[in-house]
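**Student:** Next comes upload19.cif, mmCIF, C-alpha atoms:
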data_my_file
loop_
_atom_site.group_PDB
_atom_site.id
_atom_site.type_symbol
_atom_site.label_atom_id
_atom_site.label_comp_id
_atom_site.auth_asym_id
_atom_site.auth_seq_id
_atom_site.Cartn_x
_atom_site.Cartn_y
_atom_site.Cartn_z
ATOM 1 C CA MET A 972 0.457 -20.123 -1.186
ATOM 2 C CA ILE A 973 1.525 -20.184 2.462
ATOM 3 C CA MET A 974 3.506 -23.242 3.473
ATOM 4 C CA GLY A 975 2.525 -24.384 6.987
ATOM 5 C CA ASN A 976 2.220 -21.448 9.368
ATOM 6 C CA GLN A 977 5.147 -19.626 7.795
ATOM 7 C CA LYS A 978 4.812 -16.643 5.572
ATOM 8 C CA ALA A 979 6.612 -18.263 2.659
ATOM 9 C CA LEU A 980 5.779 -19.096 -0.934
ATOM 10 C CA SER A 981 6.460 -22.359 -2.704
ATOM 11 C CA SER A 982 9.301 -22.125 -5.232
ATOM 12 C CA GLU A 983 6.758 -22.325 -8.073
ATOM 13 C CA ASP A 984 4.543 -19.569 -6.622
ATOM 14 C CA ARG A 985 7.640 -17.444 -5.975
ATOM 15 C CA SER A 986 8.797 -17.796 -9.602
ATOM 16 C CA VAL A 987 5.360 -16.966 -11.009
ATOM 17 C CA PHE A 988 4.958 -13.936 -8.757
ATOM 18 C CA ILE A 989 8.446 -12.590 -9.450
ATOM 19 C CA GLU A 990 7.641 -12.821 -13.166
ATOM 20 C CA VAL A 991 4.475 -10.740 -12.573
ATOM 21 C CA LEU A 992 6.575 -8.118 -10.766
ATOM 22 C CA LYS A 993 9.205 -8.139 -13.533
ATOM 23 C CA THR A 994 6.561 -7.579 -16.220
ATOM 24 C CA ARG A 995 5.078 -4.662 -14.260
ATOM 25 C CA PHE A 996 8.571 -3.249 -13.672
ATOM 26 C CA GLU A 997 9.374 -3.342 -17.394
ATOM 27 C CA LYS A 998 6.027 -1.783 -18.397
ATOM 28 C CA ASN A 999 6.469 1.156 -16.006
ATOM 29 C CA MET A 1000 10.106 2.206 -16.325
ATOM 30 C CA LYS A 1001 9.326 5.864 -15.568
ATOM 31 C CA ARG A 1002 8.675 4.830 -11.939
ATOM 32 C CA HIS A 1003 12.234 3.543 -11.434
ATOM 33 C CA GLN A 1004 14.560 4.698 -14.222
ATOM 34 C CA ALA A 1005 17.821 4.307 -12.288
ATOM 35 C CA ILE A 1006 17.033 0.846 -10.894
ATOM 36 C CA GLU A 1007 18.099 -2.467 -12.469
ATOM 37 C CA TRP A 1008 15.624 -5.342 -12.340
ATOM 38 C CA SER A 1009 18.349 -7.963 -11.815
ATOM 39 C CA LYS A 1010 19.293 -6.353 -8.485
ATOM 40 C CA VAL A 1011 15.658 -6.132 -7.385
ATOM 41 C CA GLU A 1012 15.095 -9.781 -8.305
ATOM 42 C CA ALA A 1013 18.199 -10.890 -6.406
ATOM 43 C CA ARG A 1014 16.882 -9.120 -3.303
ATOM 44 C CA LEU A 1015 13.405 -10.638 -3.704
ATOM 45 C CA GLU A 1016 14.882 -14.145 -3.898
ATOM 46 C CA THR A 1017 16.482 -13.723 -0.457
ATOM 47 C CA GLN A 1018 13.581 -12.031 1.348
ATOM 48 C CA THR A 1019 10.976 -14.799 1.695
ATOM 49 C CA GLU A 1020 8.763 -13.142 4.309
ATOM 50 C CA LYS A 1021 8.879 -9.776 2.541
ATOM 51 C CA LEU A 1022 7.957 -11.475 -0.725
ATOM 52 C CA TRP A 1023 4.916 -12.922 1.074
ATOM 53 C CA SER A 1024 3.923 -9.370 2.145
ATOM 54 C CA LEU A 1025 4.389 -8.146 -1.411
ATOM 55 C CA LEU A 1026 2.109 -10.945 -2.613
ATOM 56 C CA GLU A 1027 -0.495 -9.820 -0.062
ATOM 57 C CA MET A 1028 -0.301 -6.354 -1.627
ATOM 58 C CA GLU A 1029 -0.860 -7.972 -5.025
ATOM 59 C CA LYS A 1030 -3.719 -10.251 -3.925
ATOM 60 C CA THR A 1031 -5.636 -7.308 -2.453
ATOM 61 C CA GLY A 1032 -5.383 -5.303 -5.685
ATOM 62 C CA GLY A 1033 -2.411 -3.045 -4.963
ATOM 63 C CA GLU A 1034 -0.287 -3.831 -8.035
ATOM 64 C CA PRO A 1035 2.971 -3.179 -6.126
ATOM 65 C CA ASP A 1036 5.935 -1.788 -8.028
ATOM 66 C CA VAL A 1037 9.416 -0.500 -7.208
ATOM 67 C CA VAL A 1038 9.388 3.278 -6.802
ATOM 68 C CA ALA A 1039 12.793 4.016 -5.226
ATOM 69 C CA PHE A 1040 16.022 2.734 -3.755
ATOM 70 C CA ASP A 1041 16.776 3.878 -0.213
ATOM 71 C CA GLN A 1042 20.560 4.455 -0.223
ATOM 72 C CA LYS A 1043 20.735 4.873 3.552
ATOM 73 C CA HIS A 1044 19.174 1.484 4.314
ATOM 74 C CA GLY A 1045 20.101 -0.292 1.076
ATOM 75 C CA ALA A 1046 16.462 -1.212 0.411
ATOM 76 C CA TYR A 1047 14.157 -1.205 -2.585
ATOM 77 C CA ILE A 1048 10.887 0.588 -1.875
ATOM 78 C CA PHE A 1049 7.606 -0.771 -3.249
ATOM 79 C CA TYR A 1050 4.325 1.173 -3.253
ATOM 80 C CA ASP A 1051 0.864 0.118 -4.339
ATOM 81 C CA CYS A 1052 0.607 1.484 -7.882
ATOM 82 C CA SER A 1053 -2.949 0.450 -8.762
ATOM 83 C CA GLU A 1054 -4.840 3.208 -10.536
ATOM 84 C CA GLU A 1055 -7.426 3.391 -7.739
ATOM 85 C CA SER A 1056 -7.222 2.502 -4.054
ATOM 86 C CA PRO A 1057 -6.752 -1.300 -3.843
ATOM 87 C CA LYS A 1058 -10.154 -2.904 -4.261
ATOM 88 C CA GLU A 1059 -9.840 -5.547 -1.544
ATOM 89 C CA ARG A 1060 -8.705 -2.924 0.991
ATOM 90 C CA ARG A 1061 -11.703 -0.605 0.883
ATOM 91 C CA SER A 1062 -14.599 -0.072 3.301
ATOM 92 C CA LEU A 1063 -12.249 -0.020 6.293
ATOM 93 C CA CYS A 1064 -12.184 2.388 9.207
ATOM 94 C CA TYR A 1065 -8.762 3.746 10.202
ATOM 95 C CA ASP A 1066 -7.602 1.639 13.180
ATOM 96 C CA ARG A 1067 -8.613 -0.838 15.917
ATOM 97 C CA GLU A 1068 -9.744 1.906 18.314
ATOM 98 C CA ALA A 1069 -12.049 3.312 15.626
ATOM 99 C CA LEU A 1070 -13.391 -0.162 14.799
ATOM 100 C CA GLU A 1071 -14.174 -0.890 18.445
ATOM 101 C CA SER A 1072 -15.852 2.507 18.910
ATOM 102 C CA ARG A 1073 -18.545 1.659 16.353
ATOM 103 C CA LYS A 1074 -21.634 0.276 18.043
ATOM 104 C CA GLU A 1075 -23.290 -0.986 14.848
ATOM 105 C CA HIS A 1076 -22.589 -1.351 11.125
ATOM 106 C CA LYS A 1077 -18.948 -2.133 11.790
ATOM 107 C CA PRO A 1078 -16.670 -2.543 8.779
ATOM 108 C CA LYS A 1079 -14.914 -5.889 8.271
ATOM 109 C CA ASP A 1080 -11.552 -4.546 9.484
ATOM 110 C CA SER A 1081 -9.424 -1.460 9.955
ATOM 111 C CA ALA A 1082 -6.710 -0.164 7.636
ATOM 112 C CA VAL A 1083 -4.014 -0.260 10.327
ATOM 113 C CA ASP A 1084 -4.875 -3.819 11.413
ATOM 114 C CA MET A 1085 -4.994 -5.082 7.835
ATOM 115 C CA ALA A 1086 -1.642 -3.430 7.005
ATOM 116 C CA THR A 1087 -0.079 -4.995 10.100
ATOM 117 C CA ALA A 1088 -1.416 -8.451 9.183
ATOM 118 C CA MET A 1089 0.034 -8.022 5.692
ATOM 119 C CA GLY A 1090 3.433 -6.930 7.044
ATOM 120 C CA VAL A 1091 3.301 -3.536 5.297
ATOM 121 C CA GLU A 1092 3.043 0.144 6.239
ATOM 122 C CA ILE A 1093 0.270 2.562 5.276
ATOM 123 C CA LEU A 1094 1.678 5.372 3.130
ATOM 124 C CA THR A 1095 2.491 8.638 4.861
ATOM 125 C CA GLU A 1096 1.219 11.878 3.350
ATOM 126 C CA ILE A 1097 4.728 12.524 1.983
ATOM 127 C CA GLN A 1098 4.898 9.066 0.393
ATOM 128 C CA TYR A 1099 1.419 9.555 -1.065
ATOM 129 C CA ARG A 1100 2.552 12.798 -2.697
ATOM 130 C CA GLU A 1101 5.690 11.044 -4.024
ATOM 131 C CA LEU A 1102 3.477 8.366 -5.568
ATOM 132 C CA GLN A 1103 1.374 11.037 -7.261
ATOM 133 C CA GLU A 1104 4.529 12.348 -8.964
ATOM 134 C CA LEU A 1105 4.668 9.010 -10.826
ATOM 135 C CA GLY A 1106 1.149 9.156 -12.258
ATOM 136 C CA ALA A 1107 -2.478 10.031 -11.564
ATOM 137 C CA PHE A 1108 -3.715 7.759 -8.766
ATOM 138 C CA ASP A 1109 -6.982 7.780 -6.784
ATOM 139 C CA THR A 1110 -8.906 9.970 -9.236
ATOM 140 C CA LYS A 1111 -12.162 8.194 -8.284
ATOM 141 C CA THR A 1112 -11.252 6.754 -4.870
ATOM 142 C CA SER A 1113 -9.364 7.890 -1.774
ATOM 143 C CA SER A 1114 -6.813 6.316 0.564
ATOM 144 C CA TRP A 1115 -6.189 6.546 4.302
ATOM 145 C CA VAL A 1116 -2.680 7.806 5.131
ATOM 146 C CA GLN A 1117 -0.731 7.602 8.381
ATOM 147 C CA THR A 1118 -2.260 10.050 10.819
ATOM 148 C CA PRO A 1119 -0.294 12.118 13.366
ATOM 149 C CA ASP A 1120 -1.010 11.270 17.017
ATOM 150 C CA ALA A 1121 -2.312 14.786 17.739
ATOM 151 C CA ILE A 1122 -5.103 14.291 15.174
ATOM 152 C CA ARG A 1123 -5.752 10.681 16.122
ATOM 153 C CA LYS A 1124 -6.122 11.611 19.827
ATOM 154 C CA ARG A 1125 -9.011 13.832 18.756
ATOM 155 C CA LYS A 1126 -10.661 10.845 17.016
ATOM 156 C CA GLY A 1127 -9.702 12.032 13.524
ATOM 157 C CA ALA A 1128 -7.751 10.467 10.681
ATOM 158 C CA LEU A 1129 -6.330 11.677 7.369
ATOM 159 C CA PHE A 1130 -6.964 10.503 3.834
ATOM 160 C CA CYS A 1131 -5.871 11.700 0.397
ATOM 161 C CA ASP A 1132 -7.039 11.643 -3.191
ATOM 162 C CA ARG A 1133 -6.359 13.328 -6.523
ATOM 163 C CA ARG A 1134 -8.949 15.585 -8.090
ATOM 164 C CA TYR A 1135 -8.576 18.410 -10.624
ATOM 165 C CA ASP A 1136 -4.973 17.274 -11.178
ATOM 166 C CA THR A 1137 -4.237 18.205 -7.547
ATOM 167 C CA VAL A 1138 -3.511 16.050 -4.486
ATOM 168 C CA PHE A 1139 -5.805 16.821 -1.570
ATOM 169 C CA VAL A 1140 -5.457 15.868 2.095
ATOM 170 C CA TYR A 1141 -8.655 15.661 4.115
ATOM 171 C CA HIS A 1142 -9.779 14.629 7.578
ATOM 172 C CA ASN A 1143 -12.605 12.416 8.736
ATOM 173 C CA GLY A 1144 -13.636 10.605 11.887
ATOM 174 C CA ALA A 1145 -11.378 7.569 12.164
ATOM 175 C CA GLU A 1146 -14.424 5.319 12.597
ATOM 176 C CA SER A 1147 -15.857 6.296 9.204
ATOM 177 C CA TYR A 1148 -15.581 3.995 6.207
ATOM 178 C CA TYR A 1149 -16.630 4.222 2.582
ATOM 179 C CA ALA A 1150 -16.777 1.846 -0.362
ATOM 180 C CA SER A 1151 -14.442 4.143 -2.276
ATOM 181 C CA ARG A 1152 -11.801 4.568 0.469
ATOM 182 C CA GLY A 1153 -9.046 2.088 1.168
ATOM 183 C CA PHE A 1154 -5.352 2.387 1.896
ATOM 184 C CA ARG A 1155 -2.121 2.195 -0.057
ATOM 185 C CA ALA A 1156 0.926 0.471 1.354
ATOM 186 C CA SER A 1157 4.687 0.600 1.193
ATOM 187 C CA LEU A 1158 7.222 -2.149 1.739
ATOM 188 C CA SER A 1159 11.025 -1.899 1.985
ATOM 189 C CA ILE A 1160 12.977 -4.896 0.746
#
Just dump the structure as structure tokens.

**Tutor:**
Amino acid sequence: MIMGNQKALSSEDRSVFIEVLKTRFEKNMKRHQAIEWSKVEARLETQTEKLWSLLEMEKTGGEPDVVAFDQKHGAYIFYDCSEESPKERRSLCYDREALESRKEHKPKDSAVDMATAMGVEILTEIQYRELQELGAFDTKTSSWVQTPDAIRKRKGALFCDRRYDTVFVYHNGAESYYASRGFRASLSI
């Protein structure tokens, strides 16, 4: 629950959500073998706005989990670890420019705008491939990934999925959207 206009959770909501994250952490130890939950929890307790963003990942079906610790920046990295592209983040075109270019049958939002509103980043192709090392994700869906400017300037955008036990990177018009394509996010805490 948001308190006022701030991106903060009540102490009760924070406790409940941290327990959800702890349970997921403990059920999926192969994703973060060298990371201690107590240190992650201590960081979560001090990062109110980031915890709100993590909850947004959860509420939209992302099932966020810790996947790494960034030594350089001293941050825990969370990725969406839902089996398929997060359900409440599908049927989106790539970005605002693509959304505005559609004359009719516009989607409800764009992936980039939604990620920004949530306070998260869309996975890069490299991050997407790292995620796929932790399990088999997007075997029935696909996910937009950050697109290089050179491709975006030509009205294209990139997306990835996993088929035949292989990760594929594809291109599409940035204004396109499909019921089975969403986006996966990352958050550093």

**Student:** To one decimal place in Å, what is the distance between CA of Ala1150 in chain A and CA of Trp1115 in chain A?

**Tutor:**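 These two atoms are separated by 12.5 Å.
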
**Student:** Quick one: pull the distance between CA of Glu1054 in chain A and CA of Thr1019 in chain A, Å, one decimal.

**Tutor:**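 Separating CA of Glu1054 in chain A from CA of Thr1019 in chain A is a distance of 26.9 Å.
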
**Student:** Tell me, as a PyMOL selection string, which residues lie within 10 Å of Glu1068 in chain A, counting only C-alpha atoms; anything in the same chain fewer than 6 positions away does not count.

**Tutor:** chain A and resi 1081+1123+1126+1145-1146

**Student:** Just how far from CA of Leu980 in chain A is CA of Ala1013 in chain A, in Å to one decimal?

**Tutor:**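 Separating CA of Ala1013 in chain A from CA of Leu980 in chain A is a distance of 15.9 Å.
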
**Student:** Which residues come within 12 Å of Lys993 in chain A, counting all atoms listed in the file, excluding same-chain residues fewer than 3 positions away, as a PDB file with C-alpha atoms, in the coordinates of the input?

**Tutor:**
ATOM      1  CA  SER A 986       8.797 -17.796  -9.602  1.00  0.00           C
ATOM      2  CA  VAL A 987       5.360 -16.966 -11.009  1.00  0.00           C
ATOM      3  CA  PHE A 988       4.958 -13.936  -8.757  1.00  0.00           C
ATOM      4  CA  ILE A 989       8.446 -12.590  -9.450  1.00  0.00           C
ATOM      5  CA  GLU A 990       7.641 -12.821 -13.166  1.00  0.00           C
ATOM      6  CA  PHE A 996       8.571  -3.249 -13.672  1.00  0.00           C
ATOM      7  CA  GLU A 997       9.374  -3.342 -17.394  1.00  0.00           C
ATOM      8  CA  LYS A 998       6.027  -1.783 -18.397  1.00  0.00           C
ATOM      9  CA  ASN A 999       6.469   1.156 -16.006  1.00  0.00           C
ATOM     10  CA  MET A1000      10.106   2.206 -16.325  1.00  0.00           C
ATOM     11  CA  GLU A1007      18.099  -2.467 -12.469  1.00  0.00           C
ATOM     12  CA  TRP A1008      15.624  -5.342 -12.340  1.00  0.00           C
ATOM     13  CA  SER A1009      18.349  -7.963 -11.815  1.00  0.00           C
ATOM     14  CA  LYS A1010      19.293  -6.353  -8.485  1.00  0.00           C
ATOM     15  CA  VAL A1011      15.658  -6.132  -7.385  1.00  0.00           C
ATOM     16  CA  GLU A1012      15.095  -9.781  -8.305  1.00  0.00           C
ATOM     17  CA  ALA A1013      18.199 -10.890  -6.406  1.00  0.00           C
ATOM     18  CA  LEU A1015      13.405 -10.638  -3.704  1.00  0.00           C
ATOM     19  CA  GLU A1034      -0.287  -3.831  -8.035  1.00  0.00           C
ATOM     20  CA  PRO A1035       2.971  -3.179  -6.126  1.00  0.00           C
ATOM     21  CA  ASP A1036       5.935  -1.788  -8.028  1.00  0.00           C
ATOM     22  CA  VAL A1037       9.416  -0.500  -7.208  1.00  0.00           C
TER      23      VAL A1037
END

**Student:** With all atoms listed in the file as the basis for distance, which of A:Phe1139, A:Phe1130, A:Tyr1065, A:Trp1023 is at the shortest distance from Gln1103 in chain A?

**Tutor:**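 Under the stated criterion, the closest residue is A:Phe1139.
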
**Student:** Would you pick out the contacts of range 1156-1160 of chain A at 6 Å or less, using only C-alpha atoms, so that residues sharing its chain but fewer than 4 positions from it are not included, and give the list as a list in words?

**Tutor:**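 Near neighbours after the sequence-gap exclusion: Ala1046, Tyr1047, Ile1048, Phe1049, Tyr1050, Asp1051, Val1091, Glu1092, Ile1093 and Leu1094 of chain A.
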
**Student:** Selection in question (the file shown): the PyMOL selection byres ((chain A and resi 1069) around 12). Which residues does it include, as a ChimeraX atom specification?

**Tutor:** /A:1063-1068,1070-1074,1077-1078,1080-1084,1123-1128,1143-1148

**Student:** Return the single residue from A:Ala1121, A:Cys1131, A:Leu1026, A:Ala1005 that is closest to Asp1109 in chain A, with distances computed using all atoms listed in the file.

**Tutor:** A:Cys1131

**Student:** Looking at A:Ser1056, A:Thr1095, A:Thr1110, A:Thr1118, which one is nearest to Arg1152 in chain A, with distances taken over only C-alpha atoms?

**Tutor:**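 So, comparing all the options, the nearest one is A:Ser1056.
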
**Student:** Kindly indicate which residue among A:Gly1033, A:Gly1106, A:Gly1045, A:Gly1090 lies nearest to Arg1155 in chain A, using only C-alpha atoms for the distances.

**Tutor:**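 Once distances to Arg1155 in chain A are computed over only C-alpha atoms, the minimum belongs to A:Gly1033.
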
**Student:** Which residue gives the smallest distance to Gly1032 in chain A among A:Tyr1141, A:Tyr1099, A:Phe1154, A:Tyr1149, with only C-alpha atoms counted?

**Tutor:**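 Result for the nearest residue to Gly1032 in chain A: A:Phe1154.
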
**Student:** Between A:Asp1136, A:Arg1014, A:Ser1114, A:Gln1042, which has the minimum distance to Ser1062 in chain A (counting only C-alpha atoms)?

**Tutor:**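 Closest to Ser1062 in chain A, using only C-alpha atoms: A:Ser1114.
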